[in-house]
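J.: Pasting entry33.csv here (CSV, C-alpha atoms):
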chain,number,residue,atom,x,y,z
A,1323,MET,CA,-28.5,-10.3,-63.1
A,1324,ASN,CA,-24.8,-9.5,-63.3
A,1325,GLY,CA,-23.3,-6.2,-64.4
A,1326,TRP,CA,-22.9,-7.1,-68.0
A,1327,ASP,CA,-26.5,-8.2,-68.3
A,1328,GLN,CA,-27.7,-5.0,-66.7
A,1329,PHE,CA,-25.6,-3.0,-69.2
A,1330,LYS,CA,-27.1,-4.9,-72.1
A,1331,VAL,CA,-30.6,-4.3,-70.8
A,1332,LYS,CA,-30.0,-0.5,-70.5
A,1333,TYR,CA,-28.2,-0.4,-73.8
A,1334,ALA,CA,-31.1,-2.1,-75.6
A,1335,ALA,CA,-33.5,0.6,-74.1
A,1336,PHE,CA,-31.5,3.5,-75.8
A,1337,ASP,CA,-32.5,5.0,-79.1
A,1338,ILE,CA,-29.9,5.0,-81.8
A,1339,SER,CA,-28.4,8.3,-80.7
A,1340,GLY,CA,-27.8,6.9,-77.2
A,1341,LYS,CA,-26.3,3.7,-78.6
A,1342,LEU,CA,-24.0,5.7,-80.8
A,1343,ILE,CA,-22.8,7.8,-77.9
A,1344,THR,CA,-22.2,4.6,-75.8
A,1345,VAL,CA,-20.2,3.0,-78.6
A,1346,LEU,CA,-18.1,6.1,-79.1
A,1347,PHE,CA,-17.4,6.3,-75.4
A,1348,LEU,CA,-16.2,2.7,-75.3
A,1349,THR,CA,-14.0,3.1,-78.4
A,1350,THR,CA,-12.6,6.3,-77.0
A,1351,ILE,CA,-11.7,4.5,-73.8
A,1352,ILE,CA,-10.0,1.8,-75.8
A,1353,GLY,CA,-8.1,4.5,-77.8
A,1354,TRP,CA,-6.9,6.1,-74.6
A,1355,PHE,CA,-5.7,2.7,-73.3
A,1356,LEU,CA,-3.8,2.0,-76.5
A,1357,TYR,CA,-2.3,5.5,-76.5
A,1358,TYR,CA,-0.7,4.9,-73.1
A,1359,THR,CA,0.2,1.2,-73.5
A,1360,TYR,CA,1.0,0.7,-77.2
A,1361,LEU,CA,1.2,3.8,-79.3
A,1362,PRO,CA,1.7,2.0,-82.7
A,1363,ALA,CA,-1.7,0.3,-82.3
A,1364,TYR,CA,-3.4,3.6,-81.3
A,1365,LEU,CA,-1.9,5.3,-84.5
A,1366,GLN,CA,-3.7,2.7,-86.6
A,1367,PHE,CA,-7.0,4.4,-85.6
A,1368,VAL,CA,-5.7,8.0,-86.4
A,1369,LEU,CA,-6.2,9.4,-89.9
A,1370,PRO,CA,-2.7,10.4,-91.1
A,1371,SER,CA,-2.2,13.6,-93.1
A,1372,GLY,CA,-1.2,13.6,-96.8
A,1373,PHE,CA,-2.0,11.3,-99.7
A,1374,SER,CA,0.5,8.5,-99.3
A,1375,ALA,CA,0.0,7.7,-95.6
A,1376,ALA,CA,-3.8,7.9,-95.8
A,1377,LEU,CA,-4.0,5.6,-98.8
A,1378,LEU,CA,-1.9,3.0,-97.0
A,1379,GLN,CA,-4.2,3.2,-94.0
A,1380,PRO,CA,-7.7,3.2,-95.6
A,1381,TRP,CA,-9.6,1.9,-92.5
A,1382,SER,CA,-8.6,5.0,-90.6
A,1383,TRP,CA,-10.9,7.1,-92.9
A,1384,ILE,CA,-13.6,5.8,-90.6
A,1385,THR,CA,-11.9,4.7,-87.4
A,1386,TYR,CA,-10.5,8.2,-86.7
A,1387,GLY,CA,-14.1,9.2,-85.9
A,1388,LEU,CA,-14.4,6.6,-83.2
A,1389,ILE,CA,-11.8,8.0,-80.8
A,1390,HIS,CA,-11.2,11.4,-79.1
A,1391,ASP,CA,-8.2,13.2,-77.7
A,1392,GLY,CA,-9.8,14.3,-74.4
A,1393,LEU,CA,-12.9,14.1,-72.2
A,1394,TRP,CA,-14.3,17.4,-73.3
A,1395,HIS,CA,-13.8,16.6,-76.9
A,1396,PHE,CA,-16.0,13.5,-76.4
A,1397,ILE,CA,-18.6,15.3,-74.3
A,1398,GLY,CA,-19.0,18.0,-76.9
A,1399,ASN,CA,-19.6,15.5,-79.7
A,1400,ALA,CA,-21.9,13.4,-77.5
A,1401,LEU,CA,-24.0,16.4,-76.7
A,1402,GLY,CA,-24.2,17.2,-80.5
A,1403,ILE,CA,-25.4,13.7,-81.2
A,1404,TYR,CA,-28.0,13.8,-78.5
A,1405,ILE,CA,-29.4,17.2,-79.6
A,1406,ALA,CA,-29.5,16.2,-83.3
A,1407,GLY,CA,-31.2,12.9,-82.4
A,1408,ARG,CA,-34.1,14.8,-80.7
A,1409,TYR,CA,-35.0,16.3,-84.0
A,1410,ILE,CA,-34.0,13.8,-86.6
A,1411,LEU,CA,-35.4,10.6,-85.0
A,1412,ASN,CA,-38.8,12.1,-84.6
A,1413,ILE,CA,-39.3,11.6,-88.4
A,1414,PHE,CA,-36.4,9.5,-89.8
A,1415,LYS,CA,-35.2,6.0,-89.1
A,1416,ALA,CA,-32.2,4.8,-87.2
A,1417,ARG,CA,-30.3,3.6,-90.3
A,1418,GLN,CA,-30.7,7.0,-91.9
A,1419,PHE,CA,-29.3,8.7,-88.8
A,1420,LEU,CA,-26.3,6.4,-88.8
A,1421,THR,CA,-25.8,6.7,-92.5
A,1422,LEU,CA,-25.7,10.4,-92.3
A,1423,PHE,CA,-23.3,10.3,-89.4
A,1424,PHE,CA,-20.8,8.1,-91.1
A,1425,LEU,CA,-21.1,9.9,-94.4
A,1426,GLY,CA,-20.1,13.1,-92.5
A,1427,VAL,CA,-17.1,11.2,-91.0
A,1428,PHE,CA,-16.1,10.0,-94.4
A,1429,ALA,CA,-16.5,13.5,-95.9
A,1430,GLY,CA,-14.3,15.0,-93.1
A,1431,ALA,CA,-11.6,12.4,-93.8
A,1432,LEU,CA,-11.7,13.1,-97.5
A,1433,SER,CA,-11.4,16.9,-97.0
A,1434,PHE,CA,-8.5,16.5,-94.5
A,1435,ILE,CA,-6.6,14.2,-96.9
A,1436,LEU,CA,-7.0,16.5,-99.9
A,1437,ALA,CA,-6.2,19.6,-97.9
A,1438,SER,CA,-3.1,18.2,-96.1
A,1439,GLY,CA,-1.9,16.6,-99.4
A,1440,LEU,CA,-2.3,19.7,-101.6
A,1441,PHE,CA,-1.5,22.4,-99.0
A,1442,PRO,CA,0.8,20.7,-96.4
A,1443,THR,CA,2.3,24.0,-95.1
A,1444,PHE,CA,-1.2,25.4,-94.3
A,1445,PHE,CA,-2.7,22.2,-92.9
A,1446,ARG,CA,0.2,21.1,-90.7
A,1447,SER,CA,-1.6,18.7,-88.4
A,1448,PRO,CA,0.0,15.2,-88.4
A,1449,GLY,CA,-3.3,13.4,-88.0
A,1450,LEU,CA,-7.0,13.7,-87.3
A,1451,ILE,CA,-9.3,12.1,-84.7
A,1452,GLY,CA,-12.8,12.7,-83.4
A,1453,ALA,CA,-16.4,12.3,-84.5
A,1454,SER,CA,-17.0,16.0,-85.1
A,1455,ALA,CA,-17.4,15.8,-88.9
A,1456,GLY,CA,-20.2,13.2,-88.4
A,1457,VAL,CA,-21.8,15.3,-85.6
A,1458,PHE,CA,-21.7,18.4,-87.8
A,1459,ALA,CA,-23.5,16.4,-90.6
A,1460,LEU,CA,-26.3,15.5,-88.1
A,1461,ILE,CA,-26.5,19.1,-86.6
A,1462,LEU,CA,-26.6,20.9,-90.0
A,1463,PHE,CA,-29.1,18.4,-91.3
A,1464,SER,CA,-31.3,19.3,-88.3
A,1465,CYS,CA,-30.8,23.0,-88.8
A,1466,ALA,CA,-31.6,22.8,-92.5
A,1467,TYR,CA,-34.6,20.5,-92.3
A,1468,PHE,CA,-36.1,22.2,-89.2
A,1469,PRO,CA,-34.8,25.8,-89.6
A,1470,GLU,CA,-37.6,27.4,-87.6
A,1471,SER,CA,-37.5,24.9,-84.8
A,1472,GLU,CA,-36.1,26.2,-81.6
A,1473,TYR,CA,-33.5,25.0,-79.1
A,1474,ARG,CA,-33.5,26.1,-75.5
A,1475,LEU,CA,-30.1,27.6,-74.7
A,1476,ILE,CA,-29.8,28.2,-71.0
A,1477,PHE,CA,-32.3,31.1,-70.7
A,1478,LEU,CA,-33.4,31.8,-74.2
A,1479,ASN,CA,-34.8,29.9,-77.2
A,1480,ILE,CA,-32.8,30.1,-80.5
A,1481,LYS,CA,-33.9,29.0,-83.9
A,1482,LEU,CA,-31.8,26.2,-85.4
A,1483,LYS,CA,-31.0,28.2,-88.5
A,1484,TYR,CA,-29.1,30.7,-86.3
A,1485,VAL,CA,-27.2,27.8,-84.7
A,1486,ALA,CA,-26.1,26.7,-88.2
A,1487,TYR,CA,-25.0,30.3,-89.1
A,1488,PHE,CA,-22.9,30.5,-85.9
A,1489,LEU,CA,-21.2,27.1,-86.3
A,1490,LEU,CA,-20.4,27.7,-90.0
A,1491,ALA,CA,-19.0,31.2,-89.3
A,1492,THR,CA,-16.9,30.0,-86.4
A,1493,ASN,CA,-15.3,27.2,-88.4
A,1494,ILE,CA,-14.6,29.4,-91.4
A,1495,VAL,CA,-12.8,31.9,-89.2
A,1496,MET,CA,-10.8,29.1,-87.5
A,1497,VAL,CA,-9.6,27.8,-90.9
A,1498,ALA,CA,-8.7,31.3,-92.0
A,1499,PHE,CA,-6.7,31.9,-88.9
A,1500,GLN,CA,-5.2,28.4,-88.9
A,1501,ILE,CA,-6.8,27.4,-85.6
A,1502,ASN,CA,-7.3,23.6,-85.7
A,1503,THR,CA,-7.4,23.9,-89.5
A,1504,GLY,CA,-7.7,20.2,-90.2
A,1505,GLY,CA,-10.5,19.7,-87.7
A,1506,SER,CA,-12.3,22.8,-88.7
A,1507,LEU,CA,-12.2,21.9,-92.4
A,1508,GLY,CA,-13.6,18.4,-91.5
A,1509,HIS,CA,-16.4,20.1,-89.6
A,1510,LEU,CA,-17.3,22.2,-92.7
A,1511,ALA,CA,-17.2,19.1,-94.9
A,1512,GLY,CA,-19.5,17.2,-92.6
A,1513,ALA,CA,-21.8,20.3,-92.4
A,1514,ALA,CA,-22.0,20.4,-96.2
A,1515,VAL,CA,-23.1,16.7,-96.3
A,1516,GLY,CA,-25.8,17.4,-93.7
A,1517,TYR,CA,-27.1,20.5,-95.5
A,1518,PHE,CA,-27.1,18.8,-98.9
A,1519,ALA,CA,-28.9,15.8,-97.6
A,1520,ALA,CA,-31.6,17.9,-95.9
A,1521,VAL,CA,-32.3,20.0,-99.0
A,1522,ARG,CA,-32.6,16.9,-101.2
A,1523,MET,CA,-34.8,15.0,-98.7
A,1524,LYS,CA,-37.1,18.0,-98.2
A,1525,GLU,CA,-37.6,18.0,-102.0
A,1526,GLY,CA,-38.6,14.3,-101.8
A,1527,ASP,CA,-35.4,12.8,-103.0
A,1528,ASP,CA,-34.2,10.2,-100.4
A,1529,ILE,CA,-30.5,10.7,-101.1
A,1530,LEU,CA,-29.6,8.7,-98.0
A,1531,GLU,CA,-31.3,5.6,-99.5
A,1532,SER,CA,-28.5,5.3,-102.0
A,1533,PHE,CA,-26.1,4.8,-99.0
A,1534,ALA,CA,-28.6,2.7,-97.0
A,1535,ARG,CA,-26.3,-0.4,-97.2
A,1536,ILE,CA,-23.7,1.6,-95.2
A,1537,GLY,CA,-26.3,2.4,-92.6
A,1538,ASP,CA,-27.5,-1.2,-92.5
A,1539,PHE,CA,-23.9,-2.4,-91.9
A,1540,PHE,CA,-23.3,0.0,-89.0
A,1541,ILE,CA,-26.7,-0.3,-87.4
A,1542,ASN,CA,-26.1,-4.1,-87.1
A,1543,LEU,CA,-23.0,-3.2,-84.9
A,1544,PHE,CA,-25.4,-1.7,-82.4
A,1545,LYS,CA,-27.9,-4.7,-82.3
A,1546,PRO,CA,-27.7,-7.9,-80.4
A,1547,SER,CA,-26.5,-10.9,-82.4
A,1548,VAL,CA,-29.7,-12.6,-83.7
A,1549,LYS,CA,-30.4,-14.7,-86.8
A,1550,LYS,CA,-32.6,-13.1,-89.4
A,1551,SER,CA,-34.5,-14.7,-92.3
A,1552,LYS,CA,-33.6,-13.6,-95.8
A,1553,SER,CA,-36.9,-11.8,-96.2
A,1554,GLU,CA,-36.3,-9.8,-93.0
A,1555,HIS,CA,-32.8,-9.0,-94.1
A,1556,LYS,CA,-34.0,-7.7,-97.5
A,1557,ALA,CA,-36.9,-5.7,-96.0
A,1558,LYS,CA,-36.7,-2.0,-96.9
A,1559,MET,CA,-37.2,0.9,-94.6
A,1560,LYS,CA,-40.3,2.9,-94.9
A,1561,THR,CA,-40.2,6.7,-94.4
A,1562,VAL,CA,-43.0,9.1,-93.6
A,1563,TYR,CA,-41.6,12.5,-94.8
A,1564,LYS,CA,-43.3,14.3,-97.7
A,1565,GLY,CA,-42.1,13.5,-101.2
A,1566,LYS,CA,-42.4,11.3,-104.3
A,1567,THR,CA,-40.1,8.6,-102.9
A,1568,ALA,CA,-41.8,8.4,-99.5
A,1569,SER,CA,-45.3,8.4,-101.1
A,1570,SER,CA,-44.5,5.5,-103.4
A,1571,LYS,CA,-42.9,3.4,-100.6
A,1572,THR,CA,-45.7,3.9,-98.1
A,1573,ALA,CA,-48.7,3.7,-100.5
A,1574,SER,CA,-49.3,0.0,-99.8
A,1575,THR,CA,-49.3,0.5,-96.0
A,1576,VAL,CA,-50.7,3.9,-95.2
A,1577,LYS,CA,-54.2,5.0,-96.2
A,1578,SER,CA,-54.4,8.0,-98.4
A,1579,THR,CA,-56.3,10.0,-95.7
A,1580,ASP,CA,-53.6,9.2,-93.2
A,1581,GLN,CA,-50.9,10.2,-95.6
A,1582,LYS,CA,-52.6,13.6,-96.2
A,1583,LYS,CA,-52.6,14.1,-92.4
A,1584,VAL,CA,-48.9,13.3,-92.2
A,1585,ASP,CA,-48.2,15.7,-95.1
A,1586,ALA,CA,-50.1,18.4,-93.4
A,1587,ILE,CA,-48.1,18.0,-90.2
A,1588,LEU,CA,-44.8,18.0,-92.2
A,1589,ASP,CA,-45.9,21.2,-94.0
A,1590,LYS,CA,-46.6,22.8,-90.6
A,1591,ILE,CA,-43.0,21.7,-89.4
A,1592,SER,CA,-41.5,23.3,-92.5
A,1593,ALA,CA,-43.4,26.5,-92.0
A,1594,SER,CA,-43.3,27.0,-88.2
A,1595,GLY,CA,-40.9,24.4,-86.8
A,1596,TYR,CA,-41.4,21.1,-84.9
A,1597,GLU,CA,-42.1,22.9,-81.6
A,1598,SER,CA,-45.3,24.4,-83.2
A,1599,LEU,CA,-47.0,21.0,-83.2
A,1600,SER,CA,-49.5,20.1,-80.6
A,1601,LYS,CA,-48.9,17.0,-78.5
A,1602,ALA,CA,-51.5,15.1,-80.5
A,1603,GLU,CA,-49.8,16.0,-83.8
A,1604,LYS,CA,-46.4,14.9,-82.4
A,1605,ASP,CA,-47.8,11.6,-81.1
A,1606,TYR,CA,-49.5,11.0,-84.5
A,1607,LEU,CA,-46.3,11.7,-86.4
A,1608,PHE,CA,-44.3,9.5,-84.1
A,1609,LYS,CA,-46.8,6.6,-84.5
A,1610,ALA,CA,-46.8,7.0,-88.3
A,1611,GLY,CA,-43.0,6.8,-88.3
A,1612,LYS,CA,-43.2,3.5,-86.4
A,1613,ASP,CA,-45.7,1.9,-88.8
How would this structure read if it were set down as structure tokens?
T.:
Amino acid sequence: MNGWDQFKVKYAAFDISGKLITVLFLTTIIGWFLYYTYLPAYLQFVLPSGFSAALLQPWSWITYGLIHDGLWHFIGNALGIYIAGRYILNIFKARQFLTLFFLGVFAGALSFILASGLFPTFFRSPGLIGASAGVFALILFSCAYFPESEYRLIFLNIKLKYVAYFLLATNIVMVAFQINTGGSLGHLAGAAVGYFAAVRMKEGDDILESFARIGDFFINLFKPSVKKSKSEHKAKMKTVYKGKTASSKTASTVKSTDQKKVDAILDKISASGYESLSKAEKDYLFKAGKD
């Protein structure tokens, strides 16, 4: 087995968060190569400031989120994706994860374009790059959906809701003091998307389903090229979280007694956090999500 085949095997074993990190690493390397060899090509990936330039380069509303300006910039975003994936992917599907990420990237682009177009003297950045807006969407979704769950930070456990407070306060201060104003505003826009999606989905409204076609498109970029039948292509994702939409979509495949058990586990998560579940409950929820 050659090196490329080994890479494909390892890549296939990753969950969607690992695959997203891998793709972002590769696109970032390509971006660095273009920056040092042919700058005009690199600038096609960068989201320009202001209305006119951004409208003439619409693909950059997404591509800016695929490159980073330094190694630590990439590492920070990769860590955020990994941590958010540990919480989100226990309940939600890969296409929801990706849909949320790219919605955050798009929201970050929109906020930057509007701000730099309306207030050019305050938002003076010539362009925007980095996946941070999408990462903030994932992180704030995790914090809003699992507020009482805890994350181990070096020597102490901190609840996710306090992580959200810290990140929001930090970026508001940075905008106010004109520190990375464009990037910080993009972070806040992505955070707003993540928070709104979490609130709606906790109420049983699968808001991400409206954008599922976007998730389907991008998730296919992370899969090997295989032919699918029309029936497989049209098959819809089933979710296991509590709510009217989830109940109607899983009624034909999950027995009512099983659904009650899933609902009870989800209620426990909402009240006490994911970490309060026993190993048996975590295993049961994971199995239900795969069915």
J.: With only C-alpha atoms as the basis for distance, which of A:Ser1454, A:Ser1339, A:Ser1471, A:Thr1385 is at the shortest distance from Leu1411 of chain A?
T.: A:Ser1339
J.: Here is a test: counting all atoms listed in the file, which residue of A:Ile1451, A:Ile1405, A:Leu1460, A:Ile1413 is nearest to Tyr1606 of chain A?
T.: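 Counting all atoms listed in the file, the residue closest to Tyr1606 of chain A is A:Ile1413.
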J.: Using all atoms listed in the file, what table do you get, as a Markdown table, when you list each residue of segment 1447-1551 of chain A with an atom no more than 12 Å from segment 1358-1366 of chain A, its nearest pair of atoms, and their distance in Å rounded to one decimal, rows by chain then rising number?
T.:
| residue | atom | partner | partner_atom | distance |
| --- | --- | --- | --- | --- |
| A:Pro1448 | CA | A:Leu1365 | CA | 10.8 |
| A:Gly1449 | CA | A:Leu1365 | CA | 8.9 |
| A:Leu1450 | CA | A:Leu1365 | CA | 10.2 |
| A:Ile1451 | CA | A:Leu1365 | CA | 10.1 |
J.: In Å, how far is it from atom CA of Glu1531 of chain A to atom CA of Ile1410 of chain A?
T.: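 The value is 15.5 Å.
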J.: Which one of A:Phe1355, A:Phe1347, A:Phe1414, A:Phe1419 sits closest to Asn1399 of chain A if you count all atoms listed in the file?
T.: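 When distances to Asn1399 of chain A are compared using all atoms listed in the file, the smallest one comes from A:Phe1347.
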J.: Report the distance between atom CA of Gly1504 of chain A and atom CA of Phe1444 of chain A in Å, rounded to one decimal place.
T.: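 The value is 9.3 Å.
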J.: Of the candidates A:Gln1581, A:Ser1433, A:Gln1418, A:Gln1500, which one gets nearest to Ala1520 of chain A if we count all atoms listed in the file?
T.: A:Gln1418
J.: Can you work out which one of A:Phe1533, A:Phe1434, A:Trp1354, A:Trp1326 has the shortest atom-to-atom distance to Leu1420 of chain A, counting all atoms listed in the file?
T.: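 Looking at the shortest contact to Leu1420 of chain A, the residue is A:Phe1533.
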